[in-house]
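Student: The structure file run37.cif (mmCIF, C-alpha atoms) is provided below.
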data_start
#
loop_
_atom_site.label_atom_id
_atom_site.label_comp_id
_atom_site.auth_asym_id
_atom_site.auth_seq_id
_atom_site.Cartn_x
_atom_site.Cartn_y
_atom_site.Cartn_z
CA MET A 31 11.35 5.04 10.93
CA ALA A 32 13.19 4.24 7.66
CA ARG A 33 15.37 1.72 9.53
CA LYS A 34 12.28 0.07 11.02
CA ILE A 35 10.71 -0.20 7.58
CA LEU A 36 13.98 -1.61 6.23
CA ALA A 37 14.01 -4.22 9.01
CA LEU A 38 10.43 -5.22 8.26
CA ILE A 39 11.18 -5.48 4.55
CA ALA A 40 14.09 -7.76 5.50
CA HIS A 41 11.50 -10.14 6.96
CA SER A 42 9.46 -10.04 3.73
CA THR A 43 6.68 -8.20 5.56
CA PRO A 44 3.97 -6.99 3.12
CA LEU A 45 3.68 -3.20 2.92
CA SER A 46 0.14 -3.29 4.31
CA GLU A 47 1.46 -5.18 7.35
CA ILE A 48 4.31 -2.67 7.72
CA ALA A 49 1.70 0.09 7.79
CA ARG A 50 -0.14 -1.71 10.60
CA GLU A 51 3.06 -2.34 12.59
CA THR A 52 4.41 1.18 12.26
CA GLY A 53 1.07 2.99 12.51
CA LEU A 54 1.88 4.87 9.31
CA PRO A 55 -0.67 5.30 6.53
CA LEU A 56 -0.09 2.82 3.70
CA TYR A 57 0.67 5.64 1.25
CA ARG A 58 3.63 6.72 3.40
CA VAL A 59 4.97 3.18 3.61
CA ARG A 60 4.76 2.85 -0.18
CA SER A 61 6.58 6.15 -0.56
CA ALA A 62 9.27 5.15 1.95
CA ALA A 63 9.79 1.76 0.29
CA ARG A 64 10.22 3.48 -3.05
CA GLU A 65 12.75 5.92 -1.62
CA LEU A 66 14.68 3.03 -0.08
CA ALA A 67 14.70 1.44 -3.54
CA ASP A 68 15.92 4.70 -5.07
CA ALA A 69 18.80 4.56 -2.54
CA ASN A 70 19.56 1.00 -3.70
CA LEU A 71 18.77 -0.40 -0.26
CA THR A 72 15.77 -2.38 -1.50
CA GLU A 73 14.56 -3.68 -4.82
CA ARG A 74 11.02 -4.05 -6.00
CA LYS A 75 9.80 -7.56 -6.71
CA GLU A 76 6.33 -7.21 -8.24
CA ASP A 77 4.17 -6.00 -5.34
CA THR A 78 6.75 -6.45 -2.59
CA TYR A 79 10.25 -5.28 -1.81
CA ALA A 80 13.41 -7.18 -0.83
CA LEU A 81 16.68 -5.98 0.66
CA THR A 82 19.68 -5.52 -1.59
CA GLU A 83 23.24 -6.29 -0.42
CA ALA A 84 23.62 -2.61 0.48
CA GLY A 85 20.36 -2.74 2.42
CA ARG A 86 21.50 -5.79 4.39
CA LEU A 87 24.79 -4.03 5.17
CA VAL A 88 23.06 -0.86 6.40
CA LEU A 89 20.73 -2.91 8.58
CA ALA A 90 23.61 -4.98 9.99
CA GLN A 91 25.61 -1.82 10.78
CA GLY A 92 22.66 -0.47 12.76
CA SER A 93 22.39 -3.67 14.78
CA GLY A 94 26.12 -3.87 15.49
CA LYS A 95 26.46 -7.15 13.58
CA VAL A 96 29.27 -5.89 11.31
CA MET B 258 9.22 26.92 -20.11
CA ASP B 259 6.86 26.58 -17.17
CA ALA B 260 4.44 23.75 -16.48
CA THR B 261 1.42 25.59 -17.87
CA GLU B 262 3.16 25.70 -21.24
CA GLN B 263 4.08 22.01 -21.14
CA ILE B 264 0.77 20.65 -19.88
CA LYS B 265 -2.45 21.54 -21.59
CA PRO B 266 -4.87 22.99 -19.01
CA SER B 267 -7.70 20.55 -18.60
CA PHE B 268 -10.56 19.47 -16.41
CA PRO B 269 -10.60 15.87 -15.32
CA ARG B 270 -13.79 13.95 -15.95
CA LEU B 271 -15.96 12.07 -13.48
CA GLY B 272 -15.83 8.32 -13.96
CA GLN B 273 -12.39 8.41 -15.56
CA PRO B 274 -8.98 7.68 -14.01
CA ALA B 275 -7.72 10.66 -12.01
CA PRO B 276 -4.60 12.17 -13.62
CA ALA B 277 -1.44 10.58 -12.24
CA PHE B 278 1.14 12.71 -10.45
CA GLU B 279 4.40 12.49 -8.54
CA VAL B 280 4.98 15.38 -6.15
CA GLN B 281 6.90 16.71 -3.19
CA THR B 282 4.77 17.06 -0.08
CA THR B 283 5.19 17.82 3.59
CA GLN B 284 5.33 14.03 4.06
CA GLY B 285 7.89 13.36 1.32
CA ASN B 286 7.63 12.28 -2.29
CA LEU B 287 4.19 10.90 -3.12
CA ARG B 288 2.50 9.48 -6.20
CA LEU B 289 -1.22 9.19 -6.78
CA GLU B 290 -0.74 5.41 -6.99
CA ASP B 291 0.52 5.41 -3.38
CA PHE B 292 -3.11 5.98 -2.33
CA LYS B 293 -4.42 2.95 -4.23
CA GLY B 294 -6.78 0.94 -2.05
CA SER B 295 -7.92 4.03 -0.13
CA TRP B 296 -10.30 6.78 -1.05
CA LEU B 297 -8.52 10.10 -1.49
CA ILE B 298 -9.77 13.65 -1.05
CA LEU B 299 -7.35 15.83 -3.01
CA PHE B 300 -8.07 19.47 -2.31
CA SER B 301 -6.45 22.75 -3.24
CA HIS B 302 -6.32 26.05 -1.39
CA PRO B 303 -5.25 29.46 -2.69
CA ALA B 304 -2.27 30.15 -0.44
CA ASP B 305 -0.60 29.36 2.87
CA PHE B 306 -0.88 31.87 5.73
CA THR B 307 -4.30 33.15 4.65
CA PRO B 308 -7.29 33.25 6.99
CA VAL B 309 -9.99 31.33 5.08
CA CYS B 310 -7.50 28.59 4.16
CA THR B 311 -6.46 28.34 7.79
CA THR B 312 -10.07 27.75 8.87
CA GLU B 313 -10.38 25.12 6.15
CA PHE B 314 -7.22 23.25 7.16
CA ILE B 315 -8.50 23.15 10.74
CA ALA B 316 -11.88 21.89 9.50
CA PHE B 317 -10.26 19.18 7.35
CA ALA B 318 -8.06 18.12 10.27
CA GLU B 319 -11.16 17.90 12.46
CA ILE B 320 -12.93 15.48 10.09
CA ALA B 321 -9.77 13.43 9.46
CA PRO B 322 -10.62 10.82 12.15
CA GLU B 323 -14.10 10.32 10.66
CA LEU B 324 -12.56 10.02 7.21
CA LYS B 325 -10.04 7.48 8.49
CA LYS B 326 -12.93 5.29 9.70
CA ARG B 327 -14.20 5.37 6.11
CA ASN B 328 -10.80 4.49 4.60
CA VAL B 329 -10.34 8.01 3.23
CA GLU B 330 -7.03 9.89 3.09
CA LEU B 331 -6.66 13.65 2.68
CA CYS B 332 -4.07 15.52 0.62
CA GLY B 333 -3.86 19.30 0.31
CA LEU B 334 -2.24 21.37 -2.43
CA SER B 335 -1.29 24.92 -3.22
CA ILE B 336 1.23 26.77 -5.36
CA ASP B 337 3.60 27.25 -2.43
CA SER B 338 6.89 25.65 -1.40
CA THR B 339 7.30 22.76 1.01
CA TYR B 340 9.04 25.19 3.38
CA SER B 341 6.04 27.50 3.35
CA HIS B 342 3.68 24.56 3.94
CA ILE B 343 5.76 23.31 6.87
CA ALA B 344 5.93 26.78 8.44
CA TRP B 345 2.17 27.29 8.03
CA VAL B 346 1.25 23.85 9.37
CA TRP B 347 3.45 24.51 12.42
CA ASN B 348 1.90 27.96 12.78
CA ILE B 349 -1.61 26.44 12.80
CA GLU B 350 -0.57 24.00 15.52
CA ARG B 351 1.00 26.77 17.59
CA ASN B 352 -1.87 29.26 17.23
CA PHE B 353 -4.89 26.95 17.13
CA GLY B 354 -3.68 23.74 18.78
CA ILE B 355 -4.60 21.67 15.72
CA LYS B 356 -2.10 19.24 14.22
CA ILE B 357 -2.46 18.83 10.47
CA PRO B 358 -2.26 15.06 9.87
CA PHE B 359 -2.34 15.00 6.08
CA PRO B 360 0.33 15.75 3.44
CA VAL B 361 0.32 19.04 1.55
CA ILE B 362 1.61 19.13 -2.02
CA ALA B 363 4.08 21.84 -2.98
CA ASP B 364 2.91 22.48 -6.54
CA LEU B 365 5.28 25.30 -7.36
CA ASN B 366 5.40 24.46 -11.07
CA LYS B 367 1.56 24.22 -11.18
CA GLU B 368 1.80 20.75 -12.70
CA VAL B 369 -0.98 19.14 -10.67
CA ALA B 370 -3.01 22.36 -10.58
CA THR B 371 -2.96 22.42 -14.37
CA LEU B 372 -3.72 18.72 -14.77
CA TYR B 373 -6.74 18.99 -12.49
CA GLY B 374 -8.00 22.39 -13.67
CA MET B 375 -7.54 23.99 -10.27
CA ILE B 376 -6.59 27.44 -11.58
CA MET B 377 -9.47 29.74 -12.54
CA PRO B 378 -7.83 32.64 -14.37
CA GLY B 379 -10.94 34.78 -13.88
CA GLU B 380 -10.28 34.63 -10.14
CA SER B 381 -6.50 34.36 -10.00
CA LYS B 382 -3.74 33.28 -12.35
CA THR B 383 -1.32 32.55 -9.54
CA GLU B 384 -3.46 30.71 -6.99
CA THR B 385 -5.52 27.55 -7.03
CA SER B 386 -9.22 27.90 -6.27
CA ARG B 387 -10.87 25.83 -3.54
CA CYS B 388 -11.24 22.55 -5.43
CA VAL B 389 -12.11 19.13 -4.03
CA PHE B 390 -11.57 15.89 -5.93
CA VAL B 391 -12.82 12.60 -4.53
CA ILE B 392 -10.86 9.67 -5.95
CA ASP B 393 -11.92 6.10 -5.21
CA PRO B 394 -9.66 3.16 -4.21
CA ASN B 395 -9.26 2.22 -7.89
CA GLY B 396 -8.03 5.68 -8.84
CA ILE B 397 -11.30 6.73 -10.51
CA LEU B 398 -12.46 10.33 -10.07
CA ARG B 399 -15.86 10.15 -8.41
CA ALA B 400 -16.73 13.72 -7.40
CA MET B 401 -15.53 17.27 -7.95
CA ILE B 402 -16.57 20.37 -6.02
CA TYR B 403 -15.32 23.89 -6.78
CA TYR B 404 -15.61 26.87 -4.47
CA PRO B 405 -14.42 30.42 -5.17
CA LEU B 406 -11.54 32.06 -3.34
CA THR B 407 -13.86 33.92 -0.98
CA THR B 408 -15.95 30.98 0.24
CA GLY B 409 -14.63 28.46 2.73
CA ARG B 410 -15.72 24.86 2.19
CA ASN B 411 -18.29 22.91 4.17
CA THR B 412 -16.39 19.82 5.28
CA GLN B 413 -19.58 18.17 6.57
CA GLU B 414 -20.84 18.24 2.99
CA ILE B 415 -17.63 16.59 1.83
CA LEU B 416 -18.09 13.90 4.48
CA ARG B 417 -21.68 13.47 3.30
CA VAL B 418 -20.52 13.02 -0.31
CA ILE B 419 -18.11 10.29 0.84
CA ASP B 420 -20.93 8.53 2.73
CA ALA B 421 -23.19 8.80 -0.32
CA LEU B 422 -20.57 7.42 -2.73
CA GLN B 423 -19.67 4.53 -0.43
CA THR B 424 -23.38 3.73 0.08
CA THR B 425 -23.88 3.74 -3.70
CA ASP B 426 -20.97 1.37 -4.19
CA LYS B 427 -22.02 -0.99 -1.42
CA HIS B 428 -25.74 -1.19 -2.14
CA GLY B 429 -26.11 -0.26 -5.85
CA VAL B 430 -28.46 2.63 -5.05
CA ALA B 431 -28.56 6.40 -5.51
CA THR B 432 -29.10 9.00 -2.83
CA PRO B 433 -31.71 11.79 -2.89
CA ALA B 434 -31.22 15.50 -2.27
CA ASN B 435 -29.85 16.30 1.17
CA TRP B 436 -29.57 12.59 2.00
CA LYS B 437 -27.78 11.64 5.17
CA PRO B 438 -26.72 8.18 6.40
CA GLY B 439 -29.68 6.31 7.89
CA GLU B 440 -32.21 7.90 5.55
CA LYS B 441 -33.98 6.10 2.72
CA VAL B 442 -32.17 5.74 -0.60
CA ILE B 443 -33.32 5.81 -4.21
CA VAL B 444 -33.73 2.54 -6.07
CA PRO B 445 -32.44 3.09 -9.63
CA PRO B 446 -35.41 3.46 -12.03
CA PRO B 447 -36.29 0.54 -14.28
CA THR B 448 -35.29 0.92 -17.92
CA THR B 449 -37.94 -1.22 -19.60
CA SER B 450 -41.76 -1.34 -19.60
CA ASP B 451 -41.67 -4.79 -18.05
CA GLY B 452 -39.30 -3.49 -15.42
CA ALA B 453 -41.65 -0.58 -14.70
CA GLU B 454 -44.56 -2.98 -14.17
CA GLU B 455 -42.45 -5.14 -11.90
CA ARG B 456 -41.35 -2.10 -9.95
CA MET B 457 -44.94 -1.22 -9.04
CA LYS B 458 -45.21 -4.61 -7.32
CA ALA B 459 -41.69 -4.78 -5.89
CA GLY B 460 -42.56 -3.71 -2.36
CA PHE B 461 -40.51 -0.53 -2.28
CA GLU B 462 -41.89 2.81 -1.14
CA THR B 463 -42.99 3.70 -4.69
CA LYS B 464 -44.57 7.03 -5.69
CA ASP B 465 -44.57 6.08 -9.34
CA TRP B 466 -42.75 3.54 -11.51
CA TYR B 467 -39.63 5.74 -11.77
CA PHE B 468 -39.56 6.93 -8.15
CA SER B 469 -38.90 4.30 -5.51
CA LYS B 470 -37.19 4.56 -2.17
CA LYS B 471 -36.12 1.94 0.32
CA ALA B 472 -34.49 1.74 3.71
CA LEU B 473 -31.12 0.02 3.94
#
Is it possible to give me this structure as structure tokens?
Tutor:
Amino acid sequence: MARKILALIAHSTPLSEIARETGLPLYRVRSAARELADANLTERKEDTYALTEAGRLVLAQGSGKV
Amino acid sequence: MDATEQIKPSFPRLGQPAPAFEVQTTQGNLRLEDFKGSWLILFSHPADFTPVCTTEFIAFAEIAPELKKRNVELCGLSIDSTYSHIAWVWNIERNFGIKIPFPVIADLNKEVATLYGMIMPGESKTETSRCVFVIDPNGILRAMIYYPLTTGRNTQEILRVIDALQTTDKHGVATPANWKPGEKVIVPPPTTSDGAEERMKAGFETKDWYFSKKAL
């Protein structure tokens, strides 16, 4: 689920939309996004999140693009 | 130094921001602010693997779909570990066939219990009483209900309180004793003499200038 959230963040999907797409409650998406930020895979930009270089790398590894 | 020494025991106040927290739960790390935009029922129970608490968790799980329709999330709490919570939640599913859909806070250092005044030393110094806090989408504490260790909660009453609060917010009215959705509501009393005179002619179901009801 963390990888799916990471992929949605990569597409600049708002957290509320991520909650709808994943079927998770919004509070869990917020928590997951924060934990991804703590792992330096995302960074907070006001009310949204964006992938860091490390986040892009992790996502690319999962998709076999590296 | 434990949390009770660091944090002054207190009771939160209705109408004020609910005390912020960051905690470990059965659904990971959560902060109060994660629930912003939803109503939240934060409730404590004395201990995992106890019979009354088990009936309550089942009852809360049973009203969870109705709460979801009302944009309300649930979050439990006790002074137990995450491991204990996980084992108990699994045990409930295995023995009663009920999946617990909400997170449960592991408040081992009593931080949240102390902030919210959940420990009643006259009953127990090591367990939280059966407390219910209703927090609105803006993080304001809107209702508190306390039950003793021996008395399981009435979750239909908690659902009724949610309906009453949401009706108040939507329509600017109050709700009478034992009110249920669909019944007439109380129009707030006028606060001036002119307002009282107007009220008598306003077309509500008026017993006297201070006592008016209307259907929604």
Student: Do you know which residues are at most 10 Å from Glu440 of chain B counting only C-alpha atoms, after dropping those on the same chain fewer than 4 positions away, and could you put them as a list in words?
Tutor: Thr432, Pro433, Asn435, Trp436, Lys470, Lys471, Ala472 and Leu473 of chain B
Student: Could you write those residues out with C-alpha atoms, as an mmCIF file, keeping the file's coordinate frame?
Tutor:
data_model
loop_
_atom_site.group_PDB
_atom_site.id
_atom_site.type_symbol
_atom_site.label_atom_id
_atom_site.label_comp_id
_atom_site.auth_asym_id
_atom_site.auth_seq_id
_atom_site.Cartn_x
_atom_site.Cartn_y
_atom_site.Cartn_z
ATOM 1 C CA THR B 432 -29.100 9.000 -2.830
ATOM 2 C CA PRO B 433 -31.710 11.790 -2.890
ATOM 3 C CA ASN B 435 -29.850 16.300 1.170
ATOM 4 C CA TRP B 436 -29.570 12.590 2.000
ATOM 5 C CA LYS B 470 -37.190 4.560 -2.170
ATOM 6 C CA LYS B 471 -36.120 1.940 0.320
ATOM 7 C CA ALA B 472 -34.490 1.740 3.710
ATOM 8 C CA LEU B 473 -31.120 0.020 3.940
#
Student: So how far away is atom CA of Thr407 of chain B from atom CA of Val391 of chain B, in Å?
Tutor: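 Atom CA of Thr407 of chain B lies 21.6 Å from atom CA of Val391 of chain B.
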Student: Residues of chain B that have any atom at most 10 Å from an atom of chain A: could you tabulate them with the shortest-distance atom pair and the distance in Å to one decimal, using all atoms listed in the file, ordered by chain and increasing number, as JSON lines?
Tutor:
{"residue": "B:Gln284", "atom": "CA", "partner": "A:Arg58", "partner_atom": "CA", "distance": 7.5}
{"residue": "B:Gly285", "atom": "CA", "partner": "A:Ser61", "partner_atom": "CA", "distance": 7.6}
{"residue": "B:Asn286", "atom": "CA", "partner": "A:Ser61", "partner_atom": "CA", "distance": 6.5}
{"residue": "B:Leu287", "atom": "CA", "partner": "A:Ser61", "partner_atom": "CA", "distance": 5.9}
{"residue": "B:Arg288", "atom": "CA", "partner": "A:Ser61", "partner_atom": "CA", "distance": 7.7}
{"residue": "B:Leu289", "atom": "CA", "partner": "A:Tyr57", "partner_atom": "CA", "distance": 9.0}
{"residue": "B:Glu290", "atom": "CA", "partner": "A:Tyr57", "partner_atom": "CA", "distance": 8.4}
{"residue": "B:Asp291", "atom": "CA", "partner": "A:Tyr57", "partner_atom": "CA", "distance": 4.6}
{"residue": "B:Phe292", "atom": "CA", "partner": "A:Tyr57", "partner_atom": "CA", "distance": 5.2}
{"residue": "B:Lys293", "atom": "CA", "partner": "A:Tyr57", "partner_atom": "CA", "distance": 7.9}
{"residue": "B:Gly294", "atom": "CA", "partner": "A:Leu56", "partner_atom": "CA", "distance": 9.0}
{"residue": "B:Ser295", "atom": "CA", "partner": "A:Leu56", "partner_atom": "CA", "distance": 8.8}
{"residue": "B:Lys325", "atom": "CA", "partner": "A:Pro55", "partner_atom": "CA", "distance": 9.8}
{"residue": "B:Glu330", "atom": "CA", "partner": "A:Pro55", "partner_atom": "CA", "distance": 8.6}
{"residue": "B:Phe359", "atom": "CA", "partner": "A:Pro55", "partner_atom": "CA", "distance": 9.9}
{"residue": "B:Pro360", "atom": "CA", "partner": "A:Arg58", "partner_atom": "CA", "distance": 9.6}
Student: Once the PyMOL selection byres ((chain A and resi 82) around 6) has been evaluated on this model, what residues remain selected, and can you format them as a tab-separated table (two decimals) with C-alpha atoms, keeping the file's coordinate frame?
Tutor:
chain	number	residue	atom	x	y	z
A	71	LEU	CA	18.77	-0.40	-0.26
A	72	THR	CA	15.77	-2.38	-1.50
A	81	LEU	CA	16.68	-5.98	0.66
A	83	GLU	CA	23.24	-6.29	-0.42
A	84	ALA	CA	23.62	-2.61	0.48
A	85	GLY	CA	20.36	-2.74	2.42
Student: By how many Å are atom CA of Thr52 of chain A and atom CA of Ile35 of chain A apart?
Tutor: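 So the answer is 8.0 Å.
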Student: So which residues touch Ala421 of chain B within 9 Å, counting only C-alpha atoms, skipping near sequence neighbours fewer than 5 positions away, as a list in words?
Tutor: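 Everything that qualifies: Leu416, Asp426, Ala431, Thr432, Trp436, Lys437 and Pro438 of chain B.
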Student: Can you write just those residues out, C-alpha atoms, as a PDB file, in the frame of the given file?
Tutor:
ATOM      1  CA  LEU B 416     -18.090  13.900   4.480  1.00  0.00           C
ATOM      2  CA  ASP B 426     -20.970   1.370  -4.190  1.00  0.00           C
ATOM      3  CA  ALA B 431     -28.560   6.400  -5.510  1.00  0.00           C
ATOM      4  CA  THR B 432     -29.100   9.000  -2.830  1.00  0.00           C
ATOM      5  CA  TRP B 436     -29.570  12.590   2.000  1.00  0.00           C
ATOM      6  CA  LYS B 437     -27.780  11.640   5.170  1.00  0.00           C
ATOM      7  CA  PRO B 438     -26.720   8.180   6.400  1.00  0.00           C
TER       8      PRO B 438
END
Student: Write segment 439-468 of chain B as a PDB file, in the frame of the given file, completed to N, CA and C atoms.
Tutor:
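Writing the result to out.pdb gives the following:
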ATOM      1  N   GLY B 439     -28.531   6.728   7.080  1.00  0.00           N
ATOM      2  CA  GLY B 439     -29.680   6.310   7.890  1.00  0.00           C
ATOM      3  C   GLY B 439     -31.002   6.621   7.215  1.00  0.00           C
ATOM      4  N   GLU B 440     -30.970   7.559   6.255  1.00  0.00           N
ATOM      5  CA  GLU B 440     -32.210   7.900   5.550  1.00  0.00           C
ATOM      6  C   GLU B 440     -32.420   6.977   4.361  1.00  0.00           C
ATOM      7  N   LYS B 441     -33.661   6.986   3.852  1.00  0.00           N
ATOM      8  CA  LYS B 441     -33.980   6.100   2.720  1.00  0.00           C
ATOM      9  C   LYS B 441     -33.208   6.509   1.471  1.00  0.00           C
ATOM     10  N   VAL B 442     -32.937   5.505   0.630  1.00  0.00           N
ATOM     11  CA  VAL B 442     -32.170   5.740  -0.600  1.00  0.00           C
ATOM     12  C   VAL B 442     -33.061   5.504  -1.811  1.00  0.00           C
ATOM     13  N   ILE B 443     -32.572   5.934  -2.954  1.00  0.00           N
ATOM     14  CA  ILE B 443     -33.320   5.810  -4.210  1.00  0.00           C
ATOM     15  C   ILE B 443     -32.950   4.495  -4.896  1.00  0.00           C
ATOM     16  N   VAL B 444     -33.979   3.741  -5.279  1.00  0.00           N
ATOM     17  CA  VAL B 444     -33.730   2.540  -6.070  1.00  0.00           C
ATOM     18  C   VAL B 444     -33.651   2.979  -7.534  1.00  0.00           C
ATOM     19  N   PRO B 445     -32.581   2.622  -8.242  1.00  0.00           N
ATOM     20  CA  PRO B 445     -32.440   3.090  -9.630  1.00  0.00           C
ATOM     21  C   PRO B 445     -33.694   2.755 -10.445  1.00  0.00           C
ATOM     22  N   PRO B 446     -34.183   3.691 -11.272  1.00  0.00           N
ATOM     23  CA  PRO B 446     -35.410   3.460 -12.030  1.00  0.00           C
ATOM     24  C   PRO B 446     -35.262   2.305 -13.010  1.00  0.00           C
ATOM     25  N   PRO B 447     -36.347   1.595 -13.270  1.00  0.00           N
ATOM     26  CA  PRO B 447     -36.290   0.540 -14.280  1.00  0.00           C
ATOM     27  C   PRO B 447     -36.104   1.157 -15.671  1.00  0.00           C
ATOM     28  N   THR B 448     -35.572   0.378 -16.583  1.00  0.00           N
ATOM     29  CA  THR B 448     -35.290   0.920 -17.920  1.00  0.00           C
ATOM     30  C   THR B 448     -36.140   0.271 -19.010  1.00  0.00           C
ATOM     31  N   THR B 449     -37.053  -0.605 -18.605  1.00  0.00           N
ATOM     32  CA  THR B 449     -37.940  -1.220 -19.600  1.00  0.00           C
ATOM     33  C   THR B 449     -39.384  -1.159 -19.087  1.00  0.00           C
ATOM     34  N   SER B 450     -40.334  -1.333 -19.997  1.00  0.00           N
ATOM     35  CA  SER B 450     -41.760  -1.340 -19.600  1.00  0.00           C
ATOM     36  C   SER B 450     -42.043  -2.476 -18.634  1.00  0.00           C
ATOM     37  N   ASP B 451     -41.480  -3.652 -18.952  1.00  0.00           N
ATOM     38  CA  ASP B 451     -41.670  -4.790 -18.050  1.00  0.00           C
ATOM     39  C   ASP B 451     -41.112  -4.476 -16.675  1.00  0.00           C
ATOM     40  N   GLY B 452     -39.939  -3.851 -16.683  1.00  0.00           N
ATOM     41  CA  GLY B 452     -39.300  -3.490 -15.420  1.00  0.00           C
ATOM     42  C   GLY B 452     -40.150  -2.500 -14.640  1.00  0.00           C
ATOM     43  N   ALA B 453     -40.792  -1.575 -15.356  1.00  0.00           N
ATOM     44  CA  ALA B 453     -41.650  -0.580 -14.700  1.00  0.00           C
ATOM     45  C   ALA B 453     -42.848  -1.260 -14.050  1.00  0.00           C
ATOM     46  N   GLU B 454     -43.425  -2.242 -14.746  1.00  0.00           N
ATOM     47  CA  GLU B 454     -44.560  -2.980 -14.170  1.00  0.00           C
ATOM     48  C   GLU B 454     -44.134  -3.750 -12.932  1.00  0.00           C
ATOM     49  N   GLU B 455     -42.988  -4.379 -13.042  1.00  0.00           N
ATOM     50  CA  GLU B 455     -42.450  -5.140 -11.900  1.00  0.00           C
ATOM     51  C   GLU B 455     -42.213  -4.212 -10.716  1.00  0.00           C
ATOM     52  N   ARG B 456     -41.687  -3.035 -11.017  1.00  0.00           N
ATOM     53  CA  ARG B 456     -41.350  -2.100  -9.950  1.00  0.00           C
ATOM     54  C   ARG B 456     -42.570  -1.732  -9.100  1.00  0.00           C
ATOM     55  N   MET B 457     -43.730  -1.599  -9.770  1.00  0.00           N
ATOM     56  CA  MET B 457     -44.940  -1.220  -9.040  1.00  0.00           C
ATOM     57  C   MET B 457     -45.336  -2.270  -8.004  1.00  0.00           C
ATOM     58  N   LYS B 458     -44.834  -3.524  -8.239  1.00  0.00           N
ATOM     59  CA  LYS B 458     -45.210  -4.610  -7.320  1.00  0.00           C
ATOM     60  C   LYS B 458     -44.027  -5.028  -6.433  1.00  0.00           C
ATOM     61  N   ALA B 459     -42.936  -4.290  -6.503  1.00  0.00           N
ATOM     62  CA  ALA B 459     -41.690  -4.780  -5.890  1.00  0.00           C
ATOM     63  C   ALA B 459     -41.623  -4.600  -4.374  1.00  0.00           C
ATOM     64  N   GLY B 460     -42.555  -3.852  -3.815  1.00  0.00           N
ATOM     65  CA  GLY B 460     -42.560  -3.710  -2.360  1.00  0.00           C
ATOM     66  C   GLY B 460     -41.721  -2.558  -1.832  1.00  0.00           C
ATOM     67  N   PHE B 461     -41.224  -1.732  -2.740  1.00  0.00           N
ATOM     68  CA  PHE B 461     -40.510  -0.530  -2.280  1.00  0.00           C
ATOM     69  C   PHE B 461     -41.522   0.556  -1.931  1.00  0.00           C
ATOM     70  N   GLU B 462     -41.036   1.631  -1.340  1.00  0.00           N
ATOM     71  CA  GLU B 462     -41.890   2.810  -1.140  1.00  0.00           C
ATOM     72  C   GLU B 462     -41.928   3.537  -2.493  1.00  0.00           C
ATOM     73  N   THR B 463     -42.968   3.238  -3.297  1.00  0.00           N
ATOM     74  CA  THR B 463     -42.990   3.700  -4.690  1.00  0.00           C
ATOM     75  C   THR B 463     -44.056   4.754  -4.906  1.00  0.00           C
ATOM     76  N   LYS B 464     -43.640   5.945  -5.341  1.00  0.00           N
ATOM     77  CA  LYS B 464     -44.570   7.030  -5.690  1.00  0.00           C
ATOM     78  C   LYS B 464     -45.102   6.788  -7.105  1.00  0.00           C
ATOM     79  N   ASP B 465     -44.216   6.394  -7.961  1.00  0.00           N
ATOM     80  CA  ASP B 465     -44.570   6.080  -9.340  1.00  0.00           C
ATOM     81  C   ASP B 465     -43.492   5.119  -9.844  1.00  0.00           C
ATOM     82  N   TRP B 466     -43.660   4.592 -11.059  1.00  0.00           N
ATOM     83  CA  TRP B 466     -42.750   3.540 -11.510  1.00  0.00           C
ATOM     84  C   TRP B 466     -41.278   3.969 -11.517  1.00  0.00           C
ATOM     85  N   TYR B 467     -41.036   5.263 -11.689  1.00  0.00           N
ATOM     86  CA  TYR B 467     -39.630   5.740 -11.770  1.00  0.00           C
ATOM     87  C   TYR B 467     -39.102   6.240 -10.432  1.00  0.00           C
ATOM     88  N   PHE B 468     -39.943   6.277  -9.404  1.00  0.00           N
ATOM     89  CA  PHE B 468     -39.560   6.930  -8.150  1.00  0.00           C
ATOM     90  C   PHE B 468     -39.810   5.996  -6.972  1.00  0.00           C
TER      91      PHE B 468
END
